[in-house]
Amino acid sequence: FLVCAGGLFSSVQFGLIVHLFPTVRLQGLDMTMAASMVSITGVFSILGRLSTGALLDFVPTKPVAIVAFLLPLPVMALFMLAGGSVPLLTLASAMLGFAAGSEIDVVAYLCSRRFDSRIFGTVYTLFQMTFAVTSSLGPLLASWRFDQTGSYIRYYIIAGSMIAAASVLITFLPPPAQLDN
């Protein structure tokens, strides 16, 4: 479940990140403002990584994971509803960054709790390899849908379904086994 959820999430996440600049340009922002949105995403990815790591130490893992995995849904909704609104696009960019920073932490944490430390390196490498492949497909999917329609709306519909599926998969993760490390 975890590798499928992470793969779906990383595909959508990288599709949104790679297409952030053209997405905000389509909303009427000039190149400087579009670059600012990308910068905001970068800053919030750091904040997402730090705060998610802290949350994972104090809050049950599954709710943190579900919230982190659902973050791209409001991002896509904001992109569709923004109509060139700089505050809404700034919020979407910040949430996108936060989601980007939290995903790797959540997956690494969940993986470390579900696999014996003697095989963790191998398992985590397989996870990362899967995410590398799926994350490369997300931007291609976004480009393909945009090239066919001149809009990202259909991509958001597909991506939203992928995010929903990833979140459902996270909810069905079995509890971690008691491992003898």
# chains A, B, ... in the order shown; residues from 1 in each chain; ligands from 1

call {"tool": "residues_around", "arguments": {"residues": "His19 (chain A)", "least_positions_apart": "3", "cutoff": "9 Å", "atoms": "only C-alpha atoms", "output": "PDB file with all heavy atoms, in the first residue's frame"}}
result
ATOM      1  N   PHE A  14       5.078  16.115  -8.314  1.00  0.00           N
ATOM      2  CA  PHE A  14       6.063  16.619  -9.261  1.00  0.00           C
ATOM      3  C   PHE A  14       5.394  17.222 -10.492  1.00  0.00           C
ATOM      4  O   PHE A  14       5.923  18.171 -11.072  1.00  0.00           O
ATOM      5  CB  PHE A  14       7.078  15.536  -9.629  1.00  0.00           C
ATOM      6  CG  PHE A  14       8.167  15.414  -8.612  1.00  0.00           C
ATOM      7  CD1 PHE A  14       8.020  14.577  -7.524  1.00  0.00           C
ATOM      8  CD2 PHE A  14       9.323  16.158  -8.722  1.00  0.00           C
ATOM      9  CE1 PHE A  14       9.009  14.471  -6.567  1.00  0.00           C
ATOM     10  CE2 PHE A  14      10.318  16.071  -7.773  1.00  0.00           C
ATOM     11  CZ  PHE A  14      10.163  15.220  -6.689  1.00  0.00           C
ATOM     12  N   GLY A  15       4.251  16.686 -10.881  1.00  0.00           N
ATOM     13  CA  GLY A  15       3.506  17.310 -11.975  1.00  0.00           C
ATOM     14  C   GLY A  15       3.101  18.734 -11.630  1.00  0.00           C
ATOM     15  O   GLY A  15       3.231  19.653 -12.447  1.00  0.00           O
ATOM     16  N   LEU A  16       2.634  18.926 -10.413  1.00  0.00           N
ATOM     17  CA  LEU A  16       2.228  20.261  -9.976  1.00  0.00           C
ATOM     18  C   LEU A  16       3.422  21.197  -9.840  1.00  0.00           C
ATOM     19  O   LEU A  16       3.348  22.368 -10.235  1.00  0.00           O
ATOM     20  CB  LEU A  16       1.485  20.174  -8.641  1.00  0.00           C
ATOM     21  CG  LEU A  16       0.114  19.507  -8.675  1.00  0.00           C
ATOM     22  CD1 LEU A  16      -0.413  19.291  -7.255  1.00  0.00           C
ATOM     23  CD2 LEU A  16      -0.865  20.320  -9.502  1.00  0.00           C
ATOM     24  N   PRO A  22       4.249  27.705 -15.319  1.00  0.00           N
ATOM     25  CA  PRO A  22       3.258  27.974 -16.374  1.00  0.00           C
ATOM     26  C   PRO A  22       1.831  28.107 -15.838  1.00  0.00           C
ATOM     27  O   PRO A  22       1.025  28.855 -16.406  1.00  0.00           O
ATOM     28  CB  PRO A  22       3.386  26.793 -17.329  1.00  0.00           C
ATOM     29  CG  PRO A  22       4.222  25.779 -16.650  1.00  0.00           C
ATOM     30  CD  PRO A  22       4.969  26.461 -15.554  1.00  0.00           C
ATOM     31  N   THR A  23       1.528  27.417 -14.742  1.00  0.00           N
ATOM     32  CA  THR A  23       0.182  27.522 -14.169  1.00  0.00           C
ATOM     33  C   THR A  23      -0.095  28.945 -13.718  1.00  0.00           C
ATOM     34  O   THR A  23      -1.158  29.505 -14.023  1.00  0.00           O
ATOM     35  CB  THR A  23       0.025  26.553 -12.970  1.00  0.00           C
ATOM     36  OG1 THR A  23       0.148  25.212 -13.450  1.00  0.00           O
ATOM     37  CG2 THR A  23      -1.313  26.731 -12.281  1.00  0.00           C
ATOM     38  N   VAL A  24       0.834  29.542 -13.011  1.00  0.00           N
ATOM     39  CA  VAL A  24       0.595  30.911 -12.536  1.00  0.00           C
ATOM     40  C   VAL A  24       0.734  31.931 -13.667  1.00  0.00           C
ATOM     41  O   VAL A  24       0.066  32.964 -13.642  1.00  0.00           O
ATOM     42  CB  VAL A  24       1.469  31.275 -11.309  1.00  0.00           C
ATOM     43  CG1 VAL A  24       1.101  30.415 -10.120  1.00  0.00           C
ATOM     44  CG2 VAL A  24       2.934  31.172 -11.594  1.00  0.00           C
ATOM     45  N   PRO A 139       4.885  15.048 -14.439  1.00  0.00           N
ATOM     46  CA  PRO A 139       4.989  16.185 -15.350  1.00  0.00           C
ATOM     47  C   PRO A 139       4.610  15.833 -16.788  1.00  0.00           C
ATOM     48  O   PRO A 139       4.040  16.659 -17.507  1.00  0.00           O
ATOM     49  CB  PRO A 139       6.468  16.584 -15.255  1.00  0.00           C
ATOM     50  CG  PRO A 139       6.890  16.106 -13.903  1.00  0.00           C
ATOM     51  CD  PRO A 139       6.120  14.836 -13.678  1.00  0.00           C
ATOM     52  N   ALA A 142       0.817  15.864 -16.918  1.00  0.00           N
ATOM     53  CA  ALA A 142       0.322  17.246 -16.909  1.00  0.00           C
ATOM     54  C   ALA A 142       0.545  17.907 -18.270  1.00  0.00           C
ATOM     55  O   ALA A 142      -0.351  18.590 -18.794  1.00  0.00           O
ATOM     56  CB  ALA A 142       0.997  18.041 -15.801  1.00  0.00           C
ATOM     57  N   SER A 143       1.714  17.694 -18.857  1.00  0.00           N
ATOM     58  CA  SER A 143       2.014  18.270 -20.173  1.00  0.00           C
ATOM     59  C   SER A 143       1.086  17.718 -21.243  1.00  0.00           C
ATOM     60  O   SER A 143       0.570  18.463 -22.081  1.00  0.00           O
ATOM     61  CB  SER A 143       3.462  17.961 -20.583  1.00  0.00           C
ATOM     62  OG  SER A 143       4.358  18.557 -19.719  1.00  0.00           O
TER      63      SER A 143
END

call {"tool": "closest_atom_pairs", "arguments": {"of": "region 60-97 of chain A", "to": "region 46-49 of chain A", "cutoff": "12 Å", "atoms": "only C-alpha atoms", "output": "tab-separated table"}}
result
residue	atom	partner	partner_atom	distance
A:Val64	CA	A:Gly48	CA	11.7
A:Val67	CA	A:Gly48	CA	11.9
A:Ala68	CA	A:Gly48	CA	9.2
A:Leu71	CA	A:Gly48	CA	11.1
A:Ala94	CA	A:Gly48	CA	9.4
A:Met95	CA	A:Gly48	CA	8.8
A:Leu96	CA	A:Gly48	CA	9.5
A:Gly97	CA	A:Gly48	CA	7.0

call {"tool": "write_last_selection", "arguments": {"atoms": "N, CA and C atoms", "output": "compact mmCIF listing (two decimals), in the first residue's frame"}}
result
# COMPACT_ATOMS: atom_id res chain seq x y z
N VAL A 64 -1.28 12.24 10.36
CA VAL A 64 -0.31 13.15 9.74
C VAL A 64 -0.11 12.78 8.28
N VAL A 67 -3.26 13.72 6.11
CA VAL A 67 -3.32 15.16 5.85
C VAL A 67 -2.25 15.57 4.85
N ALA A 68 -1.03 15.07 5.03
CA ALA A 68 0.06 15.40 4.10
C ALA A 68 -0.28 14.96 2.68
N LEU A 71 -2.97 17.24 0.87
CA LEU A 71 -2.67 18.65 0.61
C LEU A 71 -2.75 19.07 -0.86
N ALA A 94 2.34 27.96 -1.36
CA ALA A 94 2.83 27.59 -0.03
C ALA A 94 2.38 26.19 0.35
N MET A 95 1.12 25.88 0.09
CA MET A 95 0.61 24.54 0.41
C MET A 95 1.29 23.47 -0.44
N LEU A 96 1.57 23.80 -1.69
CA LEU A 96 2.27 22.87 -2.57
C LEU A 96 3.66 22.57 -2.02
N GLY A 97 4.35 23.60 -1.58
CA GLY A 97 5.66 23.41 -0.99
C GLY A 97 5.60 22.59 0.29

call {"tool": "atom_distance", "arguments": {"atom1": "CA of Val38 (chain A)", "atom2": "CA of Val86 (chain A)"}}
result
12.8 Å

call {"tool": "closest_residue", "arguments": {"among": "A:Ile158, A:Val106, A:Leu73, A:Ala34", "to": "Ala54 (chain A)", "atoms": "only C-alpha atoms"}}
result
A:Val106

call {"tool": "closest_residue", "arguments": {"among": "A:Ala77, A:Val18, A:Leu56, A:Leu88", "to": "Ile157 (chain A)", "atoms": "only C-alpha atoms"}}
result
A:Ala77

call {"tool": "select_by_dssp", "arguments": {"residues": "chain A", "states": "helix (DSSP H, G or I)", "output": "JSON, numbers by chain"}}
result
{"A": [2, 3, 4, 5, 6, 7, 8, 9, 10, 11, 12, 13, 14, 15, 16, 17, 18, 20, 21, 22, 23, 24, 25, 26, 31, 32, 33, 34, 35, 36, 37, 38, 39, 40, 41, 42, 43, 44, 45, 46, 47, 48, 49, 50, 51, 52, 53, 54, 55, 56, 57, 58, 61, 62, 63, 64, 65, 66, 67, 68, 69, 70, 72, 73, 74, 75, 76, 77, 78, 79, 80, 81, 86, 87, 88, 89, 90, 91, 92, 93, 94, 95, 96, 97, 98, 99, 100, 101, 102, 103, 104, 105, 106, 107, 108, 109, 110, 111, 112, 113, 114, 120, 121, 122, 123, 124, 125, 126, 127, 128, 129, 130, 131, 132, 133, 134, 135, 136, 137, 138, 139, 140, 141, 142, 143, 144, 145, 146, 147, 148, 149, 153, 154, 155, 156, 157, 158, 159, 160, 161, 162, 163, 164, 165, 166, 167, 168, 169, 170, 171]}

call {"tool": "closest_residue", "arguments": {"among": "A:Met33, A:Gln27, A:Ala159, A:Gln13", "to": "Ser102 (chain A)", "atoms": "only C-alpha atoms"}}
result
A:Gln13

call {"tool": "atom_distance", "arguments": {"atom1": "CA of Gly7 (chain A)", "atom2": "CA of Tyr109 (chain A)"}}
result
15.6 Å

call {"tool": "atom_distance", "arguments": {"atom1": "CA of Leu78 (chain A)", "atom2": "CA of Leu91 (chain A)"}}
result
8.0 Å

call {"tool": "closest_residue", "arguments": {"among": "A:Gly53, A:Ile66, A:Val75, A:Val43", "to": "Phe172 (chain A)", "atoms": "only C-alpha atoms"}}
result
A:Ile66

call {"tool": "residues_around", "arguments": {"residues": "Tyr155 (chain A)", "least_positions_apart": "5", "cutoff": "10 Å", "atoms": "only C-alpha atoms", "output": "list in words"}}
result
Val12, Gly15, Leu16, Met76, Gly138, Leu141, Ala142, Ser143, Trp144, Arg145, Phe146, Thr149, Gly160 and Ser161 of chain A

call {"tool": "write_last_selection", "arguments": {"atoms": "N, CA, C and O atoms", "output": "tab-separated table (two decimals), in the first residue's frame"}}
result
chain	number	residue	atom	x	y	z
A	12	VAL	N	1.81	13.10	-8.81
A	12	VAL	CA	1.01	14.33	-8.80
A	12	VAL	C	1.84	15.51	-8.32
A	12	VAL	O	1.84	16.59	-8.92
A	15	GLY	N	4.25	16.69	-10.88
A	15	GLY	CA	3.51	17.31	-11.98
A	15	GLY	C	3.10	18.73	-11.63
A	15	GLY	O	3.23	19.65	-12.45
A	16	LEU	N	2.63	18.93	-10.41
A	16	LEU	CA	2.23	20.26	-9.98
A	16	LEU	C	3.42	21.20	-9.84
A	16	LEU	O	3.35	22.37	-10.24
A	76	MET	N	-4.86	22.23	-5.95
A	76	MET	CA	-5.46	22.21	-7.29
A	76	MET	C	-6.76	23.01	-7.31
A	76	MET	O	-7.04	23.72	-8.29
A	138	GLY	N	4.56	12.22	-13.66
A	138	GLY	CA	3.59	13.27	-13.33
A	138	GLY	C	3.69	14.49	-14.24
A	138	GLY	O	2.67	14.93	-14.80
A	141	LEU	N	2.33	13.61	-17.66
A	141	LEU	CA	0.87	13.56	-17.68
A	141	LEU	C	0.28	14.96	-17.73
A	141	LEU	O	-0.64	15.24	-18.52
A	142	ALA	N	0.82	15.86	-16.92
A	142	ALA	CA	0.32	17.25	-16.91
A	142	ALA	C	0.54	17.91	-18.27
A	142	ALA	O	-0.35	18.59	-18.79
A	143	SER	N	1.71	17.69	-18.86
A	143	SER	CA	2.01	18.27	-20.17
A	143	SER	C	1.09	17.72	-21.24
A	143	SER	O	0.57	18.46	-22.08
A	144	TRP	N	0.89	16.42	-21.20
A	144	TRP	CA	0.04	15.76	-22.19
A	144	TRP	C	-1.38	16.31	-22.13
A	144	TRP	O	-1.98	16.65	-23.14
A	145	ARG	N	-1.94	16.41	-20.89
A	145	ARG	CA	-3.31	16.92	-20.75
A	145	ARG	C	-3.38	18.39	-21.16
A	145	ARG	O	-4.34	18.81	-21.80
A	146	PHE	N	-2.37	19.17	-20.82
A	146	PHE	CA	-2.37	20.58	-21.21
A	146	PHE	C	-2.27	20.72	-22.73
A	146	PHE	O	-2.99	21.52	-23.33
A	149	THR	N	-5.67	20.00	-24.28
A	149	THR	CA	-6.83	20.83	-23.96
A	149	THR	C	-6.52	22.32	-23.82
A	149	THR	O	-7.45	23.12	-23.78
A	160	GLY	N	-6.38	14.63	-8.98
A	160	GLY	CA	-7.21	14.57	-7.77
A	160	GLY	C	-7.62	13.14	-7.46
A	160	GLY	O	-7.64	12.72	-6.30
A	161	SER	N	-7.95	12.40	-8.50
A	161	SER	CA	-8.29	10.98	-8.31
A	161	SER	C	-7.09	10.20	-7.79
A	161	SER	O	-7.25	9.31	-6.93
